[in-house]
Amino acid sequence: MSRPFYITTTLPYVNDKPHVGHALEFVQADALARSRRLRDDEVFFNTGTDEHGQKIYDKAVKEGRDVKEYVDFYAERFTALKEKLNLSYDAFIRTTDEKHIQAAQEIWKRCEAAGDIYKKNYKTKYCVGCELEKTDSELVEGKCPIHLNLELQIVDEENYFFKLSKYKDALLAYLAGDVVTPLARKNDAINFVNGDGFQDFSISRLKEKMSWGIPVPGDESQVMYVWFDALTNYISTLDWPNESADSNFTKYWMNGETLQVAGKDQVRMQSIMWQAMLLSANVPPTQHVFYHGFITSGGQKMSKSLGNVLDPFDYAEEFGIDAVRYFFLRHVHPFEDSDFTRERFVESYNAGLANGLGNLASRVMKMAEEHLTEPVVVAEKEDFTDYFALLDAFKFNEASDLIWQKIAECDALIQESQPFKVVKDDAEKGRALIADLAVRLYTIGRMLNPLMPSTSQIIKDAVKANKKPENMFSRREA
RNA sequence: CGCGGGGUAGAGCAGUAGUAGCUCGCCAGGCUCAUAACCUGGAGGUCGCGGGUGCGAAUCCCGCCCCCGCAACCA
């Protein structure tokens, strides 16, 4: 039943170091990828970095750095996450990669061939903060409501446009399907398509004003708009436009299941612009996009001035990678904003990991090590239907709860059947009870694989070796 | 009429129609294999307010009240 499964995060824009939001998205995507591999699906897990655009160009210039050197510097901060978060991605695409540049130019040509790109002299207001055009109806007191401190740029030049308006009906038909989770985001998308903001958009800039972009095919005076370029990464990473039968593109995008993971502010780009580009280029749209919520701190958006910015990598350092993954997956709501504070983190760490999982592993394996003469026989194949169904629905929290229910069951079972006592009077019966617990622990270990891969391995190894593991999660004070 | 999120036990949260749940804290008991961990029981909730639909509503509909976010970074 092996089937190809493609999953991708959005590409972080490399104008700063990775933060908690990136960490959340990567960990969620990683859990999904691992859960598919656990089912023997063939997985292609993509991530990477978005490296073009005016904002990056401006910042590099401002810091007096060569732009390429600047993006290299930040791209490295993101590739380092593979180790820091124990990610299992298969590809890391950079939009400055040669194969990506060629793919971006190719999709441009396809859209152009479809008659969807035209040149227009236009004048508009542009927010560099969003890297988006703004219509007057979107403005508050003449400024972008999201970036009130930035003056809008007045763009007055001849640019290329993409005929988004042509795809109104096609997009509505697409959005009517099961293509967006959660429902609130699907409604956002439909409302946008039906609203005033749904208009053709500029997809190029005059090179003389903004040189840091991919050249427009056939017009050396223009470079591509950053979004038009960046979105193409989802297929350039699959070596598109190589559409041969044995290409990754054919295997995963044409014949596989495709899934994008994105933040809840990405609806307009991922489910509208990008899908319209694909329709224009005659490439199938993404089958599903999952939009996660944001992480707040102390009930407020993290901000440097409030001093409530939490660095997940500090926590990974202090508590271990799996503790951070545990928090993100079990105690962060998949769709809504969630609060992340040290108090909450330590509380859930102590309750779920030290007292719960870690303690159970210790008590079971201590008995097993002492009383079993050899490791229990364990199976690699079990029925995790409910568990996988929850993961497939992006309900990482509820999926986790299933595992912790099993942990609680084991604790209660030990209390009731008292194998530590029984084994003294009736060795055979006691050993049977202990063996059963070891098997249960192994199952818990297997289920943990997508969420906490290292911990999963430690538990499985301990059961197989019939040896009590070192304390995995020691209690912490707040 | 800005946009969005939210109001469920002392605190923090889950729960989109069918006997109100989780974590922490508190009280009482138990166990001793284990990381002062674990188990059982208990106290504690008009699920913001008022209407409506339903056999049945925290959950759906209408109205109202209150709280939070909407420089920069940005998922």
# chains A, B, ... in the order shown; residues from 1 in each chain; ligands from 1
>>> closest_atom_pairs(of="chain A", to="chain B", cutoff="6 Å", atoms="only C-alpha atoms (C1' of nucleotides)", output="Markdown table")
| residue | atom | partner | partner_atom | distance |
| --- | --- | --- | --- | --- |
| A:Gly21 | CA | B:A75 | C1' | 4.2 |
| A:His22 | CA | B:A75 | C1' | 5.4 |
| A:Asn149 | CA | B:A71 | C1' | 5.9 |
| A:Gly263 | CA | B:A75 | C1' | 4.6 |
| A:Asn355 | CA | B:A37 | C1' | 5.8 |
| A:Asn359 | CA | B:U35 | C1' | 5.6 |
| A:Ser362 | CA | B:A34 | C1' | 5.6 |
| A:Arg363 | CA | B:A34 | C1' | 3.9 |
| A:Ala412 | CA | B:C39 | C1' | 5.9 |
| A:Gln415 | CA | B:C39 | C1' | 5.6 |
| A:Phe420 | CA | B:C33 | C1' | 5.3 |
| A:Ser474 | CA | B:U35 | C1' | 5.8 |
>>> write_last_selection(atoms="N, CA, C and O atoms", output="CSV table (one decimal), in the first residue's frame")
chain,number,residue,atom,x,y,z
A,21,GLY,N,7.9,30.5,15.4
A,21,GLY,CA,6.9,30.2,14.4
A,21,GLY,C,7.4,29.2,13.3
A,21,GLY,O,6.7,28.3,12.9
A,22,HIS,N,8.6,29.5,12.9
A,22,HIS,CA,9.2,28.5,12.0
A,22,HIS,C,9.4,27.1,12.6
A,22,HIS,O,9.1,26.1,12.0
A,149,ASN,N,4.1,51.9,10.4
A,149,ASN,CA,5.3,52.8,10.5
A,149,ASN,C,6.0,53.0,9.1
A,149,ASN,O,6.9,53.8,9.0
A,263,GLY,N,1.3,29.1,7.6
A,263,GLY,CA,0.8,29.8,8.7
A,263,GLY,C,-0.6,30.4,8.3
A,263,GLY,O,-0.8,30.6,7.1
A,355,ASN,N,6.9,12.8,34.9
A,355,ASN,CA,6.0,11.9,35.7
A,355,ASN,C,5.3,10.9,34.9
A,355,ASN,O,5.0,9.8,35.3
A,359,ASN,N,8.7,8.3,33.7
A,359,ASN,CA,8.6,7.5,34.9
A,359,ASN,C,8.0,6.1,34.6
A,359,ASN,O,8.5,5.1,35.1
A,362,SER,N,10.7,3.9,33.2
A,362,SER,CA,11.6,3.5,34.3
A,362,SER,C,11.0,2.3,35.1
A,362,SER,O,11.7,1.3,35.3
A,363,ARG,N,9.8,2.5,35.5
A,363,ARG,CA,9.2,1.5,36.4
A,363,ARG,C,9.0,0.2,35.6
A,363,ARG,O,9.2,-0.9,36.2
A,412,ALA,N,-2.1,2.6,35.8
A,412,ALA,CA,-3.2,2.1,36.6
A,412,ALA,C,-3.1,0.6,36.7
A,412,ALA,O,-3.4,0.0,37.7
A,415,GLN,N,-0.6,-0.5,39.2
A,415,GLN,CA,-1.2,-0.4,40.5
A,415,GLN,C,-2.2,-1.5,40.9
A,415,GLN,O,-2.1,-2.1,42.0
A,420,PHE,N,5.1,-6.3,40.7
A,420,PHE,CA,6.3,-6.3,41.5
A,420,PHE,C,6.1,-7.1,42.8
A,420,PHE,O,7.0,-7.7,43.4
A,474,SER,N,14.1,14.3,33.5
A,474,SER,CA,14.1,14.5,34.9
A,474,SER,C,13.3,15.7,35.3
A,474,SER,O,13.2,16.7,34.5
>>> select_by_dssp(residues="region 82-245 of chain A", states="alpha helix (DSSP H)", output="number ranges by chain")
A: 82-84, 98-113, 168-176, 183-194, 226-231, 233-236
>>> residues_around(residues="Lys464 (chain A)", least_positions_apart="4", cutoff="8 Å", atoms="only C-alpha atoms (C1' of nucleotides)", output="JSON, numbers by chain")
{"A": [375, 376, 378, 460]}
>>> closest_residue(among="A:Ile459, A:Ser221, A:Ser211, A:Leu172", to="Glu157 (chain A)", atoms="only C-alpha atoms")
A:Ser221
>>> closest_residue(among="A:Lys82, A:Val193, A:Asn121, A:Lys68", to="Leu206 (chain A)", atoms="only C-alpha atoms")
A:Asn121
>>> residues_around(residues="region 434-439 of chain A", least_positions_apart="3", cutoff="7 Å", atoms="only C-alpha atoms (C1' of nucleotides)", output="list in words")
Val364, Met367, Ala368, Val376, Val378, Cys410, Pro419, Gly430, Arg431, Tyr442, Thr443 and Val463 of chain A
>>> write_last_selection(atoms="C-alpha atoms", output="compact mmCIF listing (two decimals), in the first residue's frame")
# COMPACT_ATOMS: atom_id res chain seq x y z
CA VAL A 364 8.33 -0.99 33.63
CA MET A 367 10.85 -4.78 36.60
CA ALA A 368 11.57 -6.23 33.19
CA VAL A 376 9.90 -9.66 25.14
CA VAL A 378 7.56 -7.29 19.96
CA CYS A 410 -0.25 1.24 32.14
CA PRO A 419 3.41 -7.35 39.25
CA GLY A 430 4.47 -12.05 37.66
CA ARG A 431 6.71 -12.38 34.64
CA TYR A 442 7.01 -0.84 23.13
CA THR A 443 3.77 0.08 21.44
CA VAL A 463 12.53 -2.92 25.49
>>> residues_around(residues="G7 (chain B)", least_positions_apart="3", cutoff="10 Å", atoms="only C-alpha atoms (C1' of nucleotides)", output="MDAnalysis selection string")
chainID B and resid 47:48 66:67
>>> write_last_selection(atoms="N, CA and C atoms (P, O5', C5', C4', C3', O3' and C1' of nucleotides)", output="compact mmCIF listing (two decimals), in the first residue's frame")
# COMPACT_ATOMS: atom_id res chain seq x y z
P C B 47 -23.66 27.24 32.49
O5' C B 47 -22.08 27.39 32.71
C5' C B 47 -21.36 28.54 32.27
C4' C B 47 -20.27 28.10 31.33
C3' C B 47 -20.48 28.53 29.88
O3' C B 47 -19.51 29.56 29.67
C1' C B 47 -19.81 26.25 30.05
P G B 48 -19.72 30.61 28.50
O5' G B 48 -20.04 31.99 29.22
C5' G B 48 -19.52 32.28 30.52
C4' G B 48 -19.91 33.69 30.84
C3' G B 48 -21.38 34.00 30.63
O3' G B 48 -22.12 33.69 31.80
C1' G B 48 -20.07 35.63 29.55
P C B 66 -19.19 46.55 27.00
O5' C B 66 -18.14 45.49 27.55
C5' C B 66 -17.94 45.34 28.94
C4' C B 66 -17.05 44.15 29.20
C3' C B 66 -15.70 44.18 28.48
O3' C B 66 -14.75 44.98 29.16
C1' C B 66 -16.68 42.04 28.24
P C B 67 -13.52 45.56 28.37
O5' C B 67 -12.60 44.27 28.18
C5' C B 67 -11.95 43.68 29.29
C4' C B 67 -11.14 42.49 28.83
C3' C B 67 -10.12 42.80 27.74
O3' C B 67 -8.94 43.35 28.28
C1' C B 67 -11.34 40.84 27.18
>>> residues_around(residues="Asp40 (chain A)", least_positions_apart="4", cutoff="12 Å", atoms="only C-alpha atoms (C1' of nucleotides)", output="JSON, numbers by chain")
{"A": [1, 2, 3, 4, 5, 33, 34, 35, 36, 380, 381]}
>>> write_last_selection(atoms="N, CA, C and O atoms", output="mmCIF file, in the first residue's frame")
data_model
loop_
_atom_site.group_PDB
_atom_site.id
_atom_site.type_symbol
_atom_site.label_atom_id
_atom_site.label_comp_id
_atom_site.auth_asym_id
_atom_site.auth_seq_id
_atom_site.Cartn_x
_atom_site.Cartn_y
_atom_site.Cartn_z
ATOM 1 N N MET A 1 0.821 -1.214 0.000
ATOM 2 C CA MET A 1 0.000 0.000 0.000
ATOM 3 C C MET A 1 0.859 1.271 0.000
ATOM 4 O O MET A 1 0.418 2.320 0.399
ATOM 5 N N SER A 2 2.116 1.116 -0.374
ATOM 6 C CA SER A 2 2.994 2.276 -0.386
ATOM 7 C C SER A 2 2.549 3.279 -1.442
ATOM 8 O O SER A 2 2.253 2.921 -2.566
ATOM 9 N N ARG A 3 2.459 4.506 -1.047
ATOM 10 C CA ARG A 3 2.066 5.512 -2.024
ATOM 11 C C ARG A 3 2.931 6.753 -1.821
ATOM 12 O O ARG A 3 3.384 7.032 -0.725
ATOM 13 N N PRO A 4 3.128 7.534 -2.885
ATOM 14 C CA PRO A 4 3.967 8.719 -2.782
ATOM 15 C C PRO A 4 3.216 9.844 -2.053
ATOM 16 O O PRO A 4 2.045 10.086 -2.330
ATOM 17 N N PHE A 5 3.915 10.477 -1.144
ATOM 18 C CA PHE A 5 3.330 11.560 -0.357
ATOM 19 C C PHE A 5 4.293 12.738 -0.362
ATOM 20 O O PHE A 5 5.442 12.622 0.036
ATOM 21 N N ALA A 33 5.261 13.983 8.113
ATOM 22 C CA ALA A 33 6.128 13.206 7.222
ATOM 23 C C ALA A 33 6.500 11.877 7.871
ATOM 24 O O ALA A 33 6.419 10.815 7.246
ATOM 25 N N ARG A 34 6.881 11.933 9.136
ATOM 26 C CA ARG A 34 7.280 10.700 9.822
ATOM 27 C C ARG A 34 6.108 9.740 9.980
ATOM 28 O O ARG A 34 6.283 8.522 9.934
ATOM 29 N N SER A 35 4.914 10.285 10.183
ATOM 30 C CA SER A 35 3.768 9.392 10.359
ATOM 31 C C SER A 35 3.460 8.657 9.057
ATOM 32 O O SER A 35 2.977 7.532 9.062
ATOM 33 N N ARG A 36 3.759 9.285 7.938
ATOM 34 C CA ARG A 36 3.555 8.603 6.662
ATOM 35 C C ARG A 36 4.623 7.542 6.438
ATOM 36 O O ARG A 36 4.331 6.451 5.943
ATOM 37 N N GLU A 380 6.284 -5.120 14.977
ATOM 38 C CA GLU A 380 6.445 -3.806 14.361
ATOM 39 C C GLU A 380 5.148 -3.345 13.715
ATOM 40 O O GLU A 380 4.998 -2.192 13.364
ATOM 41 N N LYS A 381 4.246 -4.269 13.520
ATOM 42 C CA LYS A 381 3.002 -3.899 12.849
ATOM 43 C C LYS A 381 1.839 -3.946 13.827
ATOM 44 O O LYS A 381 1.585 -4.979 14.439
#
>>> residues_around(residues="Gly177 (chain A)", least_positions_apart="2", cutoff="10 Å", atoms="only C-alpha atoms (C1' of nucleotides)", output="number ranges by chain")
A: 172-175, 179-180, 186, 287-288
>>> write_last_selection(atoms="all heavy atoms", output="PDB file, in the first residue's frame")
ATOM      1  N   LEU A 172     -12.786  29.227  -7.302  1.00  0.00           N
ATOM      2  CA  LEU A 172     -13.935  28.927  -6.455  1.00  0.00           C
ATOM      3  C   LEU A 172     -14.288  27.438  -6.527  1.00  0.00           C
ATOM      4  O   LEU A 172     -14.636  26.818  -5.523  1.00  0.00           O
ATOM      5  CB  LEU A 172     -15.135  29.788  -6.850  1.00  0.00           C
ATOM      6  CG  LEU A 172     -15.014  31.271  -6.470  1.00  0.00           C
ATOM      7  CD1 LEU A 172     -16.166  32.074  -7.053  1.00  0.00           C
ATOM      8  CD2 LEU A 172     -14.953  31.445  -4.956  1.00  0.00           C
ATOM      9  N   ALA A 173     -14.155  26.888  -7.718  1.00  0.00           N
ATOM     10  CA  ALA A 173     -14.419  25.455  -7.873  1.00  0.00           C
ATOM     11  C   ALA A 173     -13.385  24.652  -7.095  1.00  0.00           C
ATOM     12  O   ALA A 173     -13.714  23.683  -6.397  1.00  0.00           O
ATOM     13  CB  ALA A 173     -14.387  25.077  -9.352  1.00  0.00           C
ATOM     14  N   TYR A 174     -12.140  25.083  -7.200  1.00  0.00           N
ATOM     15  CA  TYR A 174     -11.065  24.411  -6.464  1.00  0.00           C
ATOM     16  C   TYR A 174     -11.305  24.489  -4.963  1.00  0.00           C
ATOM     17  O   TYR A 174     -11.235  23.494  -4.244  1.00  0.00           O
ATOM     18  CB  TYR A 174      -9.732  25.071  -6.834  1.00  0.00           C
ATOM     19  CG  TYR A 174      -8.571  24.743  -5.915  1.00  0.00           C
ATOM     20  CD1 TYR A 174      -7.954  23.496  -5.942  1.00  0.00           C
ATOM     21  CD2 TYR A 174      -8.079  25.703  -5.030  1.00  0.00           C
ATOM     22  CE1 TYR A 174      -6.892  23.204  -5.103  1.00  0.00           C
ATOM     23  CE2 TYR A 174      -7.014  25.417  -4.191  1.00  0.00           C
ATOM     24  CZ  TYR A 174      -6.418  24.160  -4.230  1.00  0.00           C
ATOM     25  OH  TYR A 174      -5.369  23.886  -3.394  1.00  0.00           O
ATOM     26  N   LEU A 175     -11.621  25.694  -4.488  1.00  0.00           N
ATOM     27  CA  LEU A 175     -11.791  25.902  -3.048  1.00  0.00           C
ATOM     28  C   LEU A 175     -13.025  25.204  -2.489  1.00  0.00           C
ATOM     29  O   LEU A 175     -13.130  24.979  -1.286  1.00  0.00           O
ATOM     30  CB  LEU A 175     -11.865  27.401  -2.745  1.00  0.00           C
ATOM     31  CG  LEU A 175     -10.559  28.162  -2.963  1.00  0.00           C
ATOM     32  CD1 LEU A 175     -10.788  29.672  -2.913  1.00  0.00           C
ATOM     33  CD2 LEU A 175      -9.506  27.745  -1.944  1.00  0.00           C
ATOM     34  N   VAL A 179      -9.773  21.109   0.207  1.00  0.00           N
ATOM     35  CA  VAL A 179      -8.404  21.526  -0.089  1.00  0.00           C
ATOM     36  C   VAL A 179      -7.800  22.408   0.987  1.00  0.00           C
ATOM     37  O   VAL A 179      -6.610  22.730   0.923  1.00  0.00           O
ATOM     38  CB  VAL A 179      -8.325  22.262  -1.443  1.00  0.00           C
ATOM     39  CG1 VAL A 179      -8.659  21.310  -2.587  1.00  0.00           C
ATOM     40  CG2 VAL A 179      -9.243  23.476  -1.481  1.00  0.00           C
ATOM     41  N   VAL A 180      -8.591  22.812   1.956  1.00  0.00           N
ATOM     42  CA  VAL A 180      -8.072  23.721   2.984  1.00  0.00           C
ATOM     43  C   VAL A 180      -8.515  23.262   4.371  1.00  0.00           C
ATOM     44  O   VAL A 180      -9.678  22.949   4.588  1.00  0.00           O
ATOM     45  CB  VAL A 180      -8.571  25.166   2.759  1.00  0.00           C
ATOM     46  CG1 VAL A 180      -8.159  26.057   3.926  1.00  0.00           C
ATOM     47  CG2 VAL A 180      -8.037  25.735   1.455  1.00  0.00           C
ATOM     48  N   LYS A 186     -10.562  28.245   4.892  1.00  0.00           N
ATOM     49  CA  LYS A 186     -11.234  28.022   3.619  1.00  0.00           C
ATOM     50  C   LYS A 186     -12.193  29.187   3.345  1.00  0.00           C
ATOM     51  O   LYS A 186     -12.251  29.710   2.232  1.00  0.00           O
ATOM     52  CB  LYS A 186     -12.007  26.702   3.692  1.00  0.00           C
ATOM     53  CG  LYS A 186     -12.826  26.388   2.457  1.00  0.00           C
ATOM     54  CD  LYS A 186     -13.449  25.009   2.593  1.00  0.00           C
ATOM     55  CE  LYS A 186     -14.327  24.675   1.396  1.00  0.00           C
ATOM     56  NZ  LYS A 186     -14.647  23.232   1.340  1.00  0.00           N
ATOM     57  N   GLN A 287      -3.157  19.559  -3.523  1.00  0.00           N
ATOM     58  CA  GLN A 287      -4.364  18.846  -3.082  1.00  0.00           C
ATOM     59  C   GLN A 287      -4.884  19.341  -1.737  1.00  0.00           C
ATOM     60  O   GLN A 287      -6.081  19.303  -1.477  1.00  0.00           O
ATOM     61  CB  GLN A 287      -4.087  17.343  -3.019  1.00  0.00           C
ATOM     62  CG  GLN A 287      -3.979  16.733  -4.408  1.00  0.00           C
ATOM     63  CD  GLN A 287      -3.471  15.313  -4.360  1.00  0.00           C
ATOM     64  OE1 GLN A 287      -3.487  14.663  -3.325  1.00  0.00           O
ATOM     65  NE2 GLN A 287      -2.999  14.822  -5.493  1.00  0.00           N
ATOM     66  N   HIS A 288      -3.972  19.774  -0.879  1.00  0.00           N
ATOM     67  CA  HIS A 288      -4.440  20.222   0.431  1.00  0.00           C
ATOM     68  C   HIS A 288      -3.435  21.193   1.045  1.00  0.00           C
ATOM     69  O   HIS A 288      -2.236  21.027   0.897  1.00  0.00           O
ATOM     70  CB  HIS A 288      -4.644  19.029   1.370  1.00  0.00           C
ATOM     71  CG  HIS A 288      -5.665  19.298   2.432  1.00  0.00           C
ATOM     72  ND1 HIS A 288      -6.999  18.970   2.286  1.00  0.00           N
ATOM     73  CD2 HIS A 288      -5.559  19.912   3.633  1.00  0.00           C
ATOM     74  CE1 HIS A 288      -7.662  19.356   3.364  1.00  0.00           C
ATOM     75  NE2 HIS A 288      -6.819  19.926   4.200  1.00  0.00           N
TER      76      HIS A 288
END
>>> closest_residue(among="A:Tyr118, A:Phe345, A:Phe44, A:Phe198", to="Thr258 (chain A)", atoms="only C-alpha atoms")
A:Phe44
>>> decode(residues="region 222-232 of chain A", atoms="all heavy atoms", output="short mmCIF file (atom, residue, chain, number, x, y, z; two decimals), in the first residue's frame")
data_model
loop_
_atom_site.label_atom_id
_atom_site.label_comp_id
_atom_site.auth_asym_id
_atom_site.auth_seq_id
_atom_site.Cartn_x
_atom_site.Cartn_y
_atom_site.Cartn_z
N GLN A 222 13.46 43.68 -16.59
CA GLN A 222 12.58 43.38 -15.47
C GLN A 222 13.03 42.13 -14.71
O GLN A 222 13.59 41.20 -15.29
CB GLN A 222 11.15 43.13 -15.99
CG GLN A 222 10.57 44.27 -16.79
CD GLN A 222 9.52 45.07 -16.03
OE1 GLN A 222 9.01 44.63 -15.01
NE2 GLN A 222 9.20 46.24 -16.55
N VAL A 223 12.74 42.13 -13.40
CA VAL A 223 12.93 40.91 -12.61
C VAL A 223 11.58 40.51 -12.02
O VAL A 223 10.68 41.33 -11.88
CB VAL A 223 13.96 41.10 -11.48
CG1 VAL A 223 15.33 41.45 -12.03
CG2 VAL A 223 13.49 42.13 -10.48
N MET A 224 11.50 39.25 -11.65
CA MET A 224 10.22 38.74 -11.15
C MET A 224 9.91 39.25 -9.74
O MET A 224 10.80 39.40 -8.91
CB MET A 224 10.25 37.21 -11.08
CG MET A 224 10.21 36.55 -12.40
SD MET A 224 10.14 34.75 -12.13
CE MET A 224 10.75 34.23 -13.73
N TYR A 225 8.65 39.43 -9.54
CA TYR A 225 8.13 39.72 -8.22
C TYR A 225 8.43 38.53 -7.31
O TYR A 225 8.30 37.37 -7.72
CB TYR A 225 6.62 39.93 -8.36
CG TYR A 225 5.82 40.04 -7.10
CD1 TYR A 225 6.19 40.90 -6.08
CD2 TYR A 225 4.66 39.29 -6.96
CE1 TYR A 225 5.42 41.00 -4.94
CE2 TYR A 225 3.88 39.40 -5.83
CZ TYR A 225 4.28 40.25 -4.81
OH TYR A 225 3.51 40.35 -3.69
N VAL A 226 8.81 38.81 -6.07
CA VAL A 226 9.33 37.76 -5.20
C VAL A 226 8.34 36.60 -4.97
O VAL A 226 8.72 35.43 -4.95
CB VAL A 226 9.81 38.34 -3.86
CG1 VAL A 226 8.67 39.03 -3.11
CG2 VAL A 226 10.42 37.25 -2.98
N TRP A 227 7.08 36.91 -4.85
CA TRP A 227 6.13 35.82 -4.60
C TRP A 227 5.98 34.91 -5.81
O TRP A 227 5.85 33.70 -5.68
CB TRP A 227 4.76 36.37 -4.20
CG TRP A 227 4.68 36.73 -2.76
CD1 TRP A 227 4.67 37.98 -2.23
CD2 TRP A 227 4.65 35.82 -1.64
NE1 TRP A 227 4.63 37.93 -0.86
CE2 TRP A 227 4.60 36.61 -0.47
CE3 TRP A 227 4.65 34.44 -1.52
CZ2 TRP A 227 4.56 36.06 0.81
CZ3 TRP A 227 4.60 33.89 -0.24
CH2 TRP A 227 4.56 34.71 0.90
N PHE A 228 5.97 35.52 -6.98
CA PHE A 228 5.81 34.70 -8.19
C PHE A 228 6.98 33.73 -8.28
O PHE A 228 6.81 32.57 -8.63
CB PHE A 228 5.76 35.60 -9.43
CG PHE A 228 5.31 34.88 -10.66
CD1 PHE A 228 3.97 34.84 -10.99
CD2 PHE A 228 6.23 34.24 -11.49
CE1 PHE A 228 3.54 34.15 -12.12
CE2 PHE A 228 5.80 33.56 -12.62
CZ PHE A 228 4.45 33.51 -12.93
N ASP A 229 8.12 34.21 -7.92
CA ASP A 229 9.32 33.38 -7.94
C ASP A 229 9.27 32.33 -6.84
O ASP A 229 9.39 31.13 -7.08
CB ASP A 229 10.53 34.33 -7.83
CG ASP A 229 11.67 33.84 -6.96
OD1 ASP A 229 11.84 32.63 -6.78
OD2 ASP A 229 12.41 34.70 -6.47
N ALA A 230 9.00 32.78 -5.61
CA ALA A 230 9.16 31.89 -4.46
C ALA A 230 8.18 30.72 -4.47
O ALA A 230 8.54 29.60 -4.11
CB ALA A 230 9.01 32.69 -3.16
N LEU A 231 6.95 30.98 -4.84
CA LEU A 231 5.95 29.92 -4.78
C LEU A 231 6.31 28.72 -5.65
O LEU A 231 5.94 27.58 -5.35
CB LEU A 231 4.58 30.48 -5.19
CG LEU A 231 3.97 31.46 -4.18
CD1 LEU A 231 2.81 32.22 -4.80
CD2 LEU A 231 3.51 30.73 -2.92
N THR A 232 7.05 29.01 -6.70
CA THR A 232 7.42 27.92 -7.61
C THR A 232 8.32 26.88 -6.94
O THR A 232 8.51 25.79 -7.46
CB THR A 232 8.11 28.52 -8.86
OG1 THR A 232 7.27 29.56 -9.38
CG2 THR A 232 8.32 27.49 -9.94
#
